[in-house]
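Colleague: Pasting start.pdb below, which is PDB, C-alpha atoms.
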MODEL        1
ATOM      1  CA  MET I   1     -33.230 -37.335 -16.532
ATOM      2  CA  LYS I   2     -32.167 -33.770 -15.858
ATOM      3  CA  TYR I   3     -29.024 -34.304 -17.931
ATOM      4  CA  LEU I   4     -31.185 -35.053 -20.977
ATOM      5  CA  ARG I   5     -32.042 -31.355 -20.918
ATOM      6  CA  ASN I   6     -28.364 -30.672 -21.539
ATOM      7  CA  GLN I   7     -28.013 -30.098 -25.290
ATOM      8  CA  ASP I   8     -24.535 -31.649 -25.427
ATOM      9  CA  VAL I   9     -25.676 -34.899 -23.785
ATOM     10  CA  LEU I  10     -28.827 -35.064 -25.908
ATOM     11  CA  HIS I  11     -26.870 -34.568 -29.129
ATOM     12  CA  GLU I  12     -24.382 -37.300 -28.126
ATOM     13  CA  LEU I  13     -27.216 -39.775 -27.446
ATOM     14  CA  LEU I  14     -29.059 -39.025 -30.687
ATOM     15  CA  ILE I  15     -25.896 -39.232 -32.797
ATOM     16  CA  SER I  16     -24.855 -42.511 -31.127
ATOM     17  CA  PHE I  17     -28.344 -43.997 -31.638
ATOM     18  CA  VAL I  18     -28.477 -42.978 -35.306
ATOM     19  CA  ILE I  19     -24.986 -44.381 -35.937
ATOM     20  CA  GLY I  20     -26.069 -47.653 -34.276
ATOM     21  CA  ILE I  21     -29.215 -47.965 -36.476
ATOM     22  CA  VAL I  22     -27.228 -47.178 -39.625
ATOM     23  CA  CYS I  23     -24.603 -49.777 -38.765
ATOM     24  CA  MET I  24     -27.328 -52.367 -38.087
ATOM     25  CA  VAL I  25     -29.050 -51.700 -41.412
ATOM     26  CA  ILE I  26     -25.771 -51.876 -43.333
ATOM     27  CA  THR I  27     -24.566 -55.090 -41.670
ATOM     28  CA  TYR I  28     -27.954 -56.924 -41.573
ATOM     29  CA  PRO I  29     -27.651 -58.426 -45.136
ATOM     30  CA  PHE I  30     -24.252 -59.893 -44.201
ATOM     31  CA  VAL I  31     -24.693 -61.054 -40.606
ATOM     32  CA  GLY I  32     -28.424 -61.485 -40.318
ATOM     33  CA  GLY I  33     -29.640 -61.670 -36.755
ATOM     34  CA  TYR I  34     -26.232 -60.809 -35.403
ATOM     35  CA  ALA I  35     -26.937 -57.221 -36.456
ATOM     36  CA  PHE I  36     -29.193 -56.895 -33.396
ATOM     37  CA  LEU I  37     -26.270 -58.052 -31.264
ATOM     38  CA  PHE I  38     -24.193 -55.251 -32.725
ATOM     39  CA  LEU I  39     -27.024 -52.820 -31.926
ATOM     40  CA  PHE I  40     -27.142 -54.134 -28.362
ATOM     41  CA  LEU I  41     -23.389 -53.717 -27.948
ATOM     42  CA  ALA I  42     -23.638 -50.210 -29.409
ATOM     43  CA  LEU I  43     -26.385 -49.348 -26.907
ATOM     44  CA  VAL I  44     -24.231 -50.702 -24.062
ATOM     45  CA  LEU I  45     -21.343 -48.517 -25.165
ATOM     46  CA  VAL I  46     -23.687 -45.542 -25.418
ATOM     47  CA  GLY I  47     -24.922 -46.265 -21.892
ATOM     48  CA  ILE I  48     -21.377 -46.454 -20.574
ATOM     49  CA  HIS I  49     -20.513 -43.210 -22.339
ATOM     50  CA  TYR I  50     -23.700 -41.622 -20.948
ATOM     51  CA  TYR I  51     -22.760 -42.738 -17.399
ATOM     52  CA  PHE I  52     -19.310 -41.179 -17.538
ATOM     53  CA  SER I  53     -20.757 -38.056 -19.162
ATOM     54  CA  ILE I  54     -23.157 -37.721 -16.224
ATOM     55  CA  LYS I  55     -20.271 -38.089 -13.764
ATOM     56  CA  ARG I  56     -18.300 -35.430 -15.635
ATOM     57  CA  TYR I  57     -21.214 -33.014 -15.705
ATOM     58  CA  GLU I  58     -21.826 -33.594 -11.991
ATOM     59  CA  GLN I  59     -18.233 -32.597 -11.299
ATOM     60  CA  ILE I  60     -18.552 -29.554 -13.544
ATOM     61  CA  ALA I  61     -21.811 -28.630 -11.788
ATOM     62  CA  GLN I  62     -20.027 -28.904  -8.416
ATOM     63  CA  LEU I  63     -17.274 -26.588  -9.641
ATOM     64  CA  SER I  64     -19.890 -24.187 -10.947
ATOM     65  CA  LEU I  65     -21.678 -24.200  -7.592
ATOM     66  CA  SER I  66     -18.420 -23.523  -5.757
ATOM     67  CA  LEU I  67     -17.663 -20.589  -8.069
ATOM     68  CA  ASP I  68     -21.156 -19.233  -7.516
ATOM     69  CA  LYS I  69     -20.568 -19.281  -3.747
ATOM     70  CA  VAL I  70     -17.289 -17.423  -4.239
ATOM     71  CA  LEU I  71     -19.010 -14.790  -6.382
ATOM     72  CA  HIS I  72     -21.566 -14.285  -3.603
ATOM     73  CA  GLY I  73     -18.899 -13.633  -1.008
ATOM     74  CA  SER I  74     -18.349 -17.038   0.565
ATOM     75  CA  ALA I  75     -14.713 -17.729   1.400
ATOM     76  CA  ILE I  76     -14.340 -21.400   0.406
ATOM     77  CA  ARG I  77     -11.602 -23.641  -0.882
ATOM     78  CA  ILE I  78     -12.099 -26.174  -3.668
ATOM     79  CA  ASP I  79     -10.507 -29.385  -2.436
ATOM     80  CA  GLU I  80     -12.239 -31.914  -4.719
ATOM     81  CA  GLN I  81      -9.826 -34.105  -6.654
ATOM     82  CA  TYR I  82     -10.752 -34.983 -10.215
ATOM     83  CA  GLU I  83      -8.876 -36.710 -12.990
ATOM     84  CA  GLY I  84      -7.685 -35.534 -16.373
ATOM     85  CA  GLU I  85      -8.557 -32.083 -17.628
ATOM     86  CA  LEU I  86     -11.063 -31.570 -14.799
ATOM     87  CA  SER I  87      -8.238 -32.023 -12.304
ATOM     88  CA  ILE I  88      -6.232 -29.271 -13.998
ATOM     89  CA  LEU I  89      -9.307 -27.020 -14.152
ATOM     90  CA  SER I  90     -10.112 -27.672 -10.491
ATOM     91  CA  ASP I  91      -6.529 -26.906  -9.478
ATOM     92  CA  GLU I  92      -6.497 -23.621 -11.413
ATOM     93  CA  ILE I  93      -9.861 -22.591  -9.978
ATOM     94  CA  SER I  94      -8.634 -23.449  -6.480
ATOM     95  CA  LYS I  95      -5.587 -21.200  -6.993
ATOM     96  CA  MET I  96      -7.841 -18.428  -8.258
ATOM     97  CA  VAL I  97     -10.150 -18.744  -5.229
ATOM     98  CA  ILE I  98      -7.192 -18.634  -2.812
ATOM     99  CA  LYS I  99      -5.853 -15.533  -4.552
ATOM    100  CA  LEU I 100      -9.265 -13.871  -4.455
ATOM    101  CA  ASN I 101      -9.579 -14.634  -0.746
ATOM    102  CA  GLU I 102      -6.152 -13.107  -0.114
ATOM    103  CA  GLN I 103      -7.047 -10.008  -2.135
ATOM    104  CA  THR I 104     -10.318  -9.703  -0.223
ATOM    105  CA  GLU I 105      -8.439  -9.768   3.074
ATOM    106  CA  LEU I 106      -5.988  -7.149   1.808
ATOM    107  CA  LEU I 107      -8.825  -4.939   0.612
ATOM    108  CA  GLN I 108     -10.502  -5.234   3.992
ATOM    109  CA  LYS I 109      -7.267  -4.239   5.739
ATOM    110  CA  ASP I 110      -6.854  -1.316   3.326
ATOM    111  CA  LYS I 111     -10.418  -0.266   4.051
ATOM    112  CA  VAL I 112      -9.756  -0.247   7.800
ATOM    113  CA  ARG I 113      -6.475   1.596   7.260
ATOM    114  CA  LEU I 114      -8.189   4.184   5.050
ATOM    115  CA  THR I 115     -10.957   4.687   7.613
ATOM    116  CA  ASN I 116      -8.398   5.234  10.363
ATOM    117  CA  ALA I 117      -6.380   7.580   8.162
ATOM    118  CA  ILE I 118      -9.461   9.682   7.353
ATOM    119  CA  ALA I 119     -10.312   9.870  11.051
ATOM    120  CA  ASP I 120      -6.740  10.953  11.854
ATOM    121  CA  ILE I 121      -6.758  13.568   9.095
ATOM    122  CA  PHE I 122     -10.075  14.947  10.307
ATOM    123  CA  HIS I 123      -8.728  15.115  13.859
ATOM    124  CA  GLN I 124      -5.571  16.929  12.731
ATOM    125  CA  MET I 125      -7.543  19.457  10.677
ATOM    126  CA  ARG I 126     -10.158  20.017  13.339
ATOM    127  CA  THR I 127      -7.636  21.471  15.817
ATOM    128  CA  PRO I 128      -6.474  24.438  13.661
ATOM    129  CA  LEU I 129     -10.008  24.992  12.345
ATOM    130  CA  THR I 130     -11.317  25.225  15.909
ATOM    131  CA  SER I 131      -8.549  27.677  16.791
ATOM    132  CA  ILE I 132      -9.361  29.806  13.724
ATOM    133  CA  ASN I 133     -13.067  29.803  14.582
ATOM    134  CA  LEU I 134     -12.376  30.925  18.162
ATOM    135  CA  SER I 135     -10.010  33.694  16.985
ATOM    136  CA  LEU I 136     -12.595  34.973  14.510
ATOM    137  CA  THR I 137     -15.221  35.019  17.271
ATOM    138  CA  VAL I 138     -12.930  37.098  19.485
ATOM    139  CA  LEU I 139     -12.098  39.477  16.608
ATOM    140  CA  ASN I 140     -15.795  40.300  16.268
ATOM    141  CA  ASP I 141     -15.660  41.977  19.683
ATOM    142  CA  ASP I 142     -15.859  45.756  19.132
ATOM    143  CA  HIS I 143     -14.056  46.423  22.402
ATOM    144  CA  LEU I 144     -11.006  44.325  21.514
ATOM    145  CA  SER I 145      -7.743  46.228  21.776
ATOM    146  CA  ASN I 146      -5.454  46.621  18.752
ATOM    147  CA  GLU I 147      -2.760  44.597  20.461
ATOM    148  CA  LYS I 148      -5.107  41.668  21.091
ATOM    149  CA  ALA I 149      -6.515  41.917  17.563
ATOM    150  CA  LEU I 150      -3.009  41.694  16.113
ATOM    151  CA  TYR I 151      -2.287  38.641  18.293
ATOM    152  CA  TYR I 152      -5.382  36.779  17.040
ATOM    153  CA  ARG I 153      -4.720  37.715  13.414
ATOM    154  CA  ARG I 154      -1.238  36.267  13.705
ATOM    155  CA  ASP I 155      -2.671  33.137  15.279
ATOM    156  CA  ILE I 156      -5.126  32.757  12.385
ATOM    157  CA  LYS I 157      -2.277  33.131   9.901
ATOM    158  CA  LYS I 158      -0.250  30.534  11.784
ATOM    159  CA  GLN I 159      -3.129  28.040  11.832
ATOM    160  CA  LEU I 160      -3.834  28.596   8.129
ATOM    161  CA  GLU I 161      -0.180  27.931   7.312
ATOM    162  CA  LYS I 162      -0.363  24.733   9.364
ATOM    163  CA  LEU I 163      -3.467  23.651   7.479
ATOM    164  CA  GLN I 164      -1.837  24.407   4.142
ATOM    165  CA  TRP I 165       1.262  22.410   5.054
ATOM    166  CA  LEU I 166      -0.857  19.511   6.307
ATOM    167  CA  ILE I 167      -2.961  19.355   3.140
ATOM    168  CA  GLU I 168       0.018  19.674   0.794
ATOM    169  CA  THR I 169       1.958  16.993   2.683
ATOM    170  CA  LEU I 170      -0.981  14.585   2.692
ATOM    171  CA  LEU I 171      -1.448  15.092  -1.053
ATOM    172  CA  LYS I 172       2.224  14.342  -1.683
ATOM    173  CA  MET I 173       2.039  11.248   0.529
ATOM    174  CA  SER I 174      -1.019  10.025  -1.372
ATOM    175  CA  LYS I 175       0.903  10.418  -4.657
ATOM    176  CA  ILE I 176       3.735   8.277  -3.325
ATOM    177  CA  ASP I 177       1.227   5.713  -2.031
ATOM    178  CA  ALA I 178      -0.450   5.564  -5.442
ATOM    179  CA  LYS I 179       2.974   5.362  -7.144
ATOM    180  CA  THR I 180       2.149   8.416  -9.260
ATOM    181  CA  ALA I 181       4.892  10.601  -7.784
ATOM    182  CA  ILE I 182       7.664  11.258 -10.302
ATOM    183  CA  PHE I 183      11.261  11.126  -9.061
ATOM    184  CA  HIS I 184      13.819  12.663 -11.410
ATOM    185  CA  ARG I 185      16.880  10.962  -9.988
ATOM    186  CA  GLN I 186      20.348  12.191 -10.844
ATOM    187  CA  GLU I 187      23.778  12.364  -9.254
ATOM    188  CA  ILE I 188      23.871  15.378  -6.912
ATOM    189  CA  LEU I 189      26.263  16.728  -4.303
ATOM    190  CA  VAL I 190      24.934  15.961  -0.838
ATOM    191  CA  LYS I 191      26.052  19.320   0.562
ATOM    192  CA  ASP I 192      23.899  21.164  -2.003
ATOM    193  CA  ILE I 193      20.755  19.327  -0.881
ATOM    194  CA  LEU I 194      21.478  19.667   2.833
ATOM    195  CA  THR I 195      22.340  23.372   2.513
ATOM    196  CA  LYS I 196      18.979  24.033   0.846
ATOM    197  CA  ALA I 197      17.196  21.893   3.445
ATOM    198  CA  MET I 198      18.734  23.982   6.260
ATOM    199  CA  GLU I 199      17.821  27.405   4.815
ATOM    200  CA  PRO I 200      14.179  27.617   6.044
ATOM    201  CA  PHE I 201      15.327  27.047   9.645
ATOM    202  CA  ALA I 202      18.123  29.602   9.764
ATOM    203  CA  ILE I 203      16.070  32.290  11.526
ATOM    204  CA  PRO I 204      14.250  29.954  14.005
ATOM    205  CA  MET I 205      17.599  28.417  14.948
ATOM    206  CA  GLU I 206      19.146  31.831  15.400
ATOM    207  CA  LEU I 207      16.312  32.872  17.707
ATOM    208  CA  LYS I 208      16.872  29.723  19.768
ATOM    209  CA  GLU I 209      20.661  30.196  19.577
ATOM    210  CA  GLN I 210      21.027  26.745  18.059
ATOM    211  CA  LYS I 211      23.886  25.684  15.805
ATOM    212  CA  CYS I 212      23.590  23.398  12.796
ATOM    213  CA  ILE I 213      26.946  21.972  11.750
ATOM    214  CA  LEU I 214      27.346  20.330   8.339
ATOM    215  CA  ASN I 215      30.261  17.885   8.122
ATOM    216  CA  CYS I 216      30.433  17.170   4.428
ATOM    217  CA  SER I 217      32.918  17.248   1.558
ATOM    218  CA  ASP I 218      32.172  16.120  -2.004
ATOM    219  CA  GLU I 219      29.952  13.097  -1.380
ATOM    220  CA  LYS I 220      27.270  12.408  -3.971
ATOM    221  CA  MET I 221      24.034  10.483  -4.123
ATOM    222  CA  PHE I 222      21.638   9.462  -6.899
ATOM    223  CA  VAL I 223      18.300  11.065  -5.933
ATOM    224  CA  ASP I 224      15.652  13.613  -6.866
ATOM    225  CA  ASP I 225      16.892  16.885  -5.378
ATOM    226  CA  GLN I 226      13.495  18.456  -4.563
ATOM    227  CA  TRP I 227      11.917  15.411  -2.961
ATOM    228  CA  THR I 228      15.087  14.549  -1.055
ATOM    229  CA  MET I 229      15.517  18.121   0.175
ATOM    230  CA  GLU I 230      11.971  17.928   1.556
ATOM    231  CA  ALA I 231      12.766  14.689   3.370
ATOM    232  CA  PHE I 232      15.852  16.183   5.035
ATOM    233  CA  SER I 233      13.903  19.355   5.847
ATOM    234  CA  ASN I 234      11.521  17.257   7.918
ATOM    235  CA  LEU I 235      14.416  15.549   9.700
ATOM    236  CA  ILE I 236      16.119  18.872  10.446
ATOM    237  CA  LYS I 237      12.827  20.387  11.611
ATOM    238  CA  ASN I 238      12.283  17.441  13.945
ATOM    239  CA  ALA I 239      15.830  17.808  15.324
ATOM    240  CA  MET I 240      15.397  21.568  15.812
ATOM    241  CA  GLU I 241      12.133  21.102  17.723
ATOM    242  CA  HIS I 242      13.733  18.609  20.108
ATOM    243  CA  THR I 243      16.988  20.485  20.632
ATOM    244  CA  PRO I 244      17.097  22.876  23.616
ATOM    245  CA  ASP I 245      17.971  26.549  23.282
ATOM    246  CA  GLY I 246      21.672  26.889  22.677
ATOM    247  CA  GLY I 247      21.863  23.275  21.520
ATOM    248  CA  MET I 248      23.528  21.805  18.473
ATOM    249  CA  ILE I 249      22.462  19.768  15.428
ATOM    250  CA  GLN I 250      25.018  17.856  13.373
ATOM    251  CA  LEU I 251      24.699  16.587   9.812
ATOM    252  CA  ASN I 252      27.472  14.069   9.186
ATOM    253  CA  VAL I 253      27.933  12.740   5.648
ATOM    254  CA  SER I 254      30.057   9.794   4.527
ATOM    255  CA  GLU I 255      30.309   7.623   1.440
ATOM    256  CA  ASN I 256      31.517   4.134   0.534
ATOM    257  CA  PRO I 257      31.227   1.897  -2.556
ATOM    258  CA  LEU I 258      27.788   0.659  -1.459
ATOM    259  CA  TYR I 259      25.931   3.748  -0.239
ATOM    260  CA  THR I 260      26.025   7.387   0.809
ATOM    261  CA  GLU I 261      25.136   7.946   4.463
ATOM    262  CA  VAL I 262      23.730  11.034   6.164
ATOM    263  CA  ILE I 263      23.390  11.132   9.954
ATOM    264  CA  VAL I 264      21.141  13.791  11.504
ATOM    265  CA  GLN I 265      21.987  14.067  15.192
ATOM    266  CA  ASP I 266      20.784  16.445  17.904
ATOM    267  CA  ASN I 267      21.648  16.812  21.578
ATOM    268  CA  GLY I 268      18.089  16.968  22.841
ATOM    269  CA  GLU I 269      16.246  14.721  25.261
ATOM    270  CA  GLY I 270      16.319  11.678  22.967
ATOM    271  CA  ILE I 271      13.492   9.298  22.155
ATOM    272  CA  PRO I 272      11.810   7.025  24.713
ATOM    273  CA  GLU I 273      12.749   3.446  23.879
ATOM    274  CA  GLU I 274       9.103   2.366  23.613
ATOM    275  CA  ASP I 275       8.492   5.030  20.925
ATOM    276  CA  ILE I 276      11.401   4.091  18.621
ATOM    277  CA  PRO I 277       9.630   1.233  16.738
ATOM    278  CA  TYR I 278       6.743   3.573  15.822
ATOM    279  CA  MET I 279       8.596   6.778  14.966
ATOM    280  CA  PHE I 280       7.929   6.493  11.222
ATOM    281  CA  GLU I 281       4.240   5.610  11.458
ATOM    282  CA  ARG I 282       1.728   8.161  10.239
ATOM    283  CA  PHE I 283       0.121  10.359  12.883
ATOM    284  CA  TYR I 284       2.133   8.719  15.631
ATOM    285  CA  LYS I 285       3.059  11.072  18.458
ATOM    286  CA  GLY I 286       5.634   9.984  20.974
ATOM    287  CA  LYS I 287       5.819  10.985  24.607
ATOM    288  CA  ASN I 288       8.145  13.875  23.802
ATOM    289  CA  ALA I 289       6.106  15.179  20.841
ATOM    290  CA  LYS I 290       5.337  18.892  20.817
ATOM    291  CA  PRO I 291       1.677  19.935  21.256
ATOM    292  CA  GLU I 292       1.575  21.370  17.731
ATOM    293  CA  SER I 293       3.058  18.207  16.210
ATOM    294  CA  VAL I 294       0.935  16.488  13.560
ATOM    295  CA  GLY I 295       2.881  13.234  13.406
ATOM    296  CA  ILE I 296       3.466  12.887   9.662
ATOM    297  CA  GLY I 297       6.825  14.607   9.089
ATOM    298  CA  LEU I 298       8.973  11.552   9.811
ATOM    299  CA  ALA I 299       6.566   9.219   7.989
ATOM    300  CA  PHE I 300       6.723  11.504   4.935
ATOM    301  CA  ALA I 301      10.530  11.567   5.074
ATOM    302  CA  ARG I 302      10.695   7.772   5.181
ATOM    303  CA  MET I 303       8.331   7.454   2.197
ATOM    304  CA  ILE I 304      10.516   9.767   0.087
ATOM    305  CA  ILE I 305      13.717   7.979   1.083
ATOM    306  CA  THR I 306      12.487   4.408   0.571
ATOM    307  CA  ALA I 307      10.956   5.353  -2.782
ATOM    308  CA  GLN I 308      14.502   6.150  -3.966
ATOM    309  CA  ASN I 309      16.254   2.926  -2.943
ATOM    310  CA  GLY I 310      17.137   4.324   0.469
ATOM    311  CA  THR I 311      16.718   3.348   4.104
ATOM    312  CA  ILE I 312      16.225   5.319   7.311
ATOM    313  CA  SER I 313      16.612   4.261  10.937
ATOM    314  CA  VAL I 314      16.672   5.974  14.303
ATOM    315  CA  LYS I 315      18.315   5.373  17.660
ATOM    316  CA  ASN I 316      19.451   7.317  20.673
ATOM    317  CA  HIS I 317      23.056   8.480  20.653
ATOM    318  CA  PRO I 318      25.184   7.366  23.627
ATOM    319  CA  ASP I 319      26.028  11.017  24.323
ATOM    320  CA  GLY I 320      22.343  12.002  24.304
ATOM    321  CA  GLY I 321      19.879  13.074  21.650
ATOM    322  CA  ALA I 322      18.282  11.315  18.689
ATOM    323  CA  CYS I 323      20.311  10.003  15.773
ATOM    324  CA  PHE I 324      18.645   9.460  12.374
ATOM    325  CA  THR I 325      20.688   7.494   9.822
ATOM    326  CA  VAL I 326      19.785   7.791   6.128
ATOM    327  CA  ARG I 327      21.444   5.656   3.490
ATOM    328  CA  PHE I 328      21.026   5.971  -0.270
ATOM    329  CA  TYR I 329      22.406   2.949  -2.063
ATOM    330  CA  LYS I 330      24.374   3.241  -5.276
ATOM    331  CA  GLN I 331      22.565   2.889  -8.562
ATOM    332  CA  ILE I 332      22.621  -0.695  -9.833
ATOM    333  CA  ILE I 333      23.693  -0.894 -13.479
TER     334      ILE I 333
ENDMDL
END
Before we go any further, please render this structure as structure tokens.
Modeller:
Amino acid sequence: MKYLRNQDVLHELLISFVIGIVCMVITYPFVGGYAFLFLFLALVLVGIHYYFSIKRYEQIAQLSLSLDKVLHGSAIRIDEQYEGELSILSDEISKMVIKLNEQTELLQKDKVRLTNAIADIFHQMRTPLTSINLSLTVLNDDHLSNEKALYYRRDIKKQLEKLQWLIETLLKMSKIDAKTAIFHRQEILVKDILTKAMEPFAIPMELKEQKCILNCSDEKMFVDDQWTMEAFSNLIKNAMEHTPDGGMIQLNVSENPLYTEVIVQDNGEGIPEEDIPYMFERFYKGKNAKPESVGIGLAFARMIITAQNGTISVKNHPDGGACFTVRFYKQII
């Protein structure tokens, strides 16, 4: 009887009953008592129609209940098999539920990843902030010599520069993650980008008596010059930090019909084999990482390169040292 409260079912019954009475009244003068037989047959047909309507509404109610469970967070699958239009509706709802479950799992993974990233960022920022706080405490000592005061001021400046670089890099990485970073790609000479990328390290390399050799002619690549220069700056910085005093860094450029390749090679200690698969992960520090390393330079470089139809890989060179290979593929027309 609960289905009689459904307005659609009630309207169908009333209309069918009225049509049956009207037909009986119209046909009674012609068929006499057989008119009641027609009414009986009409009522049988109405009953059959009512039965199948109930079955249909039960199926719809089951679908509605399943959707309600999904909306309340239950991960279920709709496996009921119906016929006709209900079968199509059930199939589409089942696809939607599967997709929602997949998106829920992805969101949960993103939530865990975001939580870990925030914890890593906090840890990376806490180190320079602690150093700054300690230096400021020492500077408050009235008996501190001028030489010591100058040392701590320089340390504060160094830590502030590290913080600034960390924040700016993380902001740029978040833009690439959100796909809001704008890359103005154009055909550029590789030597122009690499020369600019090497400039900030000229003095540090000179102090360490390191050489940076650029083997390049007129190769070109289709990239954004500023973003790409920043990527190579991180690779050169990484090579410089892992190259001993008096060592050498080589930038070898080549080009073919498919891609332009840049190899950044140093003659340092190389990379432990167990660290190679994780070198481009954010905040990952290998066994040979420097104490001041943050662990995002290589990850940032990879993000810039892959965002411009490029690839980057790393391996140890047979003669010693790490060897980073960057390839920018030709523009597809």
Colleague: Given the file shown, determine the residues that the PyMOL selection byres ((chain I and resi 263) around 9) selects; report them as a list of chain:residue names.
Modeller: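 Listing what the PyMOL selection byres ((chain I and resi 263) around 9) selects in the shown file: I:Gln250, I:Leu251, I:Asn252, I:Val253, I:Ser254, I:Glu261, I:Val262, I:Val264, I:Gln265, I:Cys323, I:Phe324, I:Thr325, I:Val326, I:Arg327.
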Colleague: Please measure the separation of CA of Lys179 in chain I and CA of Ile312 in chain I, giving the value in Å to one decimal.
Modeller: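 Straight-line distance from CA of Lys179 in chain I to CA of Ile312 in chain I works out to 19.6 Å.
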Colleague: Check which residues satisfy the PyMOL selection byres ((chain I and resi 205) around 12) in the file shown, then give them as a list in words.
Modeller: Met198, Glu199, Pro200, Phe201, Ala202, Ile203, Pro204, Glu206, Leu207, Lys208, Glu209, Gln210, Lys211, Cys212, Ile213, Ile236, Lys237, Ala239, Met240, Glu241, His242, Thr243, Pro244, Asp245, Gly246, Gly247, Met248 and Ile249 of chain I
Colleague: Which is closer to Thr130 in chain I than all the others in I:Leu170, I:Met303, I:Leu163, I:Thr311, using only C-alpha atoms?
Modeller: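 With only C-alpha atoms as the atom set, the closest residue is I:Leu163.
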Colleague: One number please: CA of Gly286 in chain I to CA of Leu160 in chain I, in Å, one decimal.
Modeller: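 These atoms are spaced 24.5 Å apart.
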Colleague: So how far away is CA of Ser64 in chain I from CA of Thr104 in chain I, in Å?
Modeller: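 CA of Thr104 in chain I sits 20.4 Å away from CA of Ser64 in chain I.
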Colleague: So which residues get picked by the PyMOL selection byres ((chain I and resi 320) around 10) here, written as an MDAnalysis selection string?
Modeller: chainID I and resid 265:271 316:319 321:323
Colleague: Identify which of the residues I:Phe283, I:Trp165, I:Tyr51, I:Phe232 lies closest to Ala119 in chain I, counting all atoms listed in the file when measuring atom-to-atom distances.
Modeller: I:Phe283
Colleague: Assuming 6 Å of padding per side, give the centre and edge lengths of the axis-aligned box around every listed atom of range 140-146 of chain I, in Å to one decimal and as AutoDock Vina command-line options.
Modeller:
--center_x -10.7 --center_y 43.5 --center_z 19.3 --size_x 22.4 --size_y 18.3 --size_z 18.1
Colleague: Got a sec: who's within 12 Å of Lys157 in chain I, counting all atoms listed in the file, leaving out chain neighbours fewer than 2 positions off, as a list in words?
Modeller: Pro128, Leu129, Ser131, Ile132, Ser135, Leu136, Leu150, Tyr151, Tyr152, Arg153, Arg154, Asp155, Gln159, Leu160, Glu161, Lys162, Leu163 and Gln164 of chain I
Colleague: Which neighbours of Gln186 in chain I fall inside 9 Å, counting all atoms listed in the file, when residues of the same chain fewer than 5 positions from it are skipped, and could you give them as a PyMOL selection string?
Modeller: chain I and resi 221-225
Colleague: So, counting all atoms listed in the file, which residue among I:Val44, I:Met96, I:Ile121, I:Leu67 is closest to Thr169 in chain I?
Modeller: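 With all atoms listed in the file as the atom set, the closest residue is I:Ile121.
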Colleague: Out of I:Leu194, I:Ile276, I:Val314, I:Ala289, which residue has the shortest atom-to-atom distance to Ser217 in chain I when counting all atoms listed in the file?
Modeller: I:Leu194
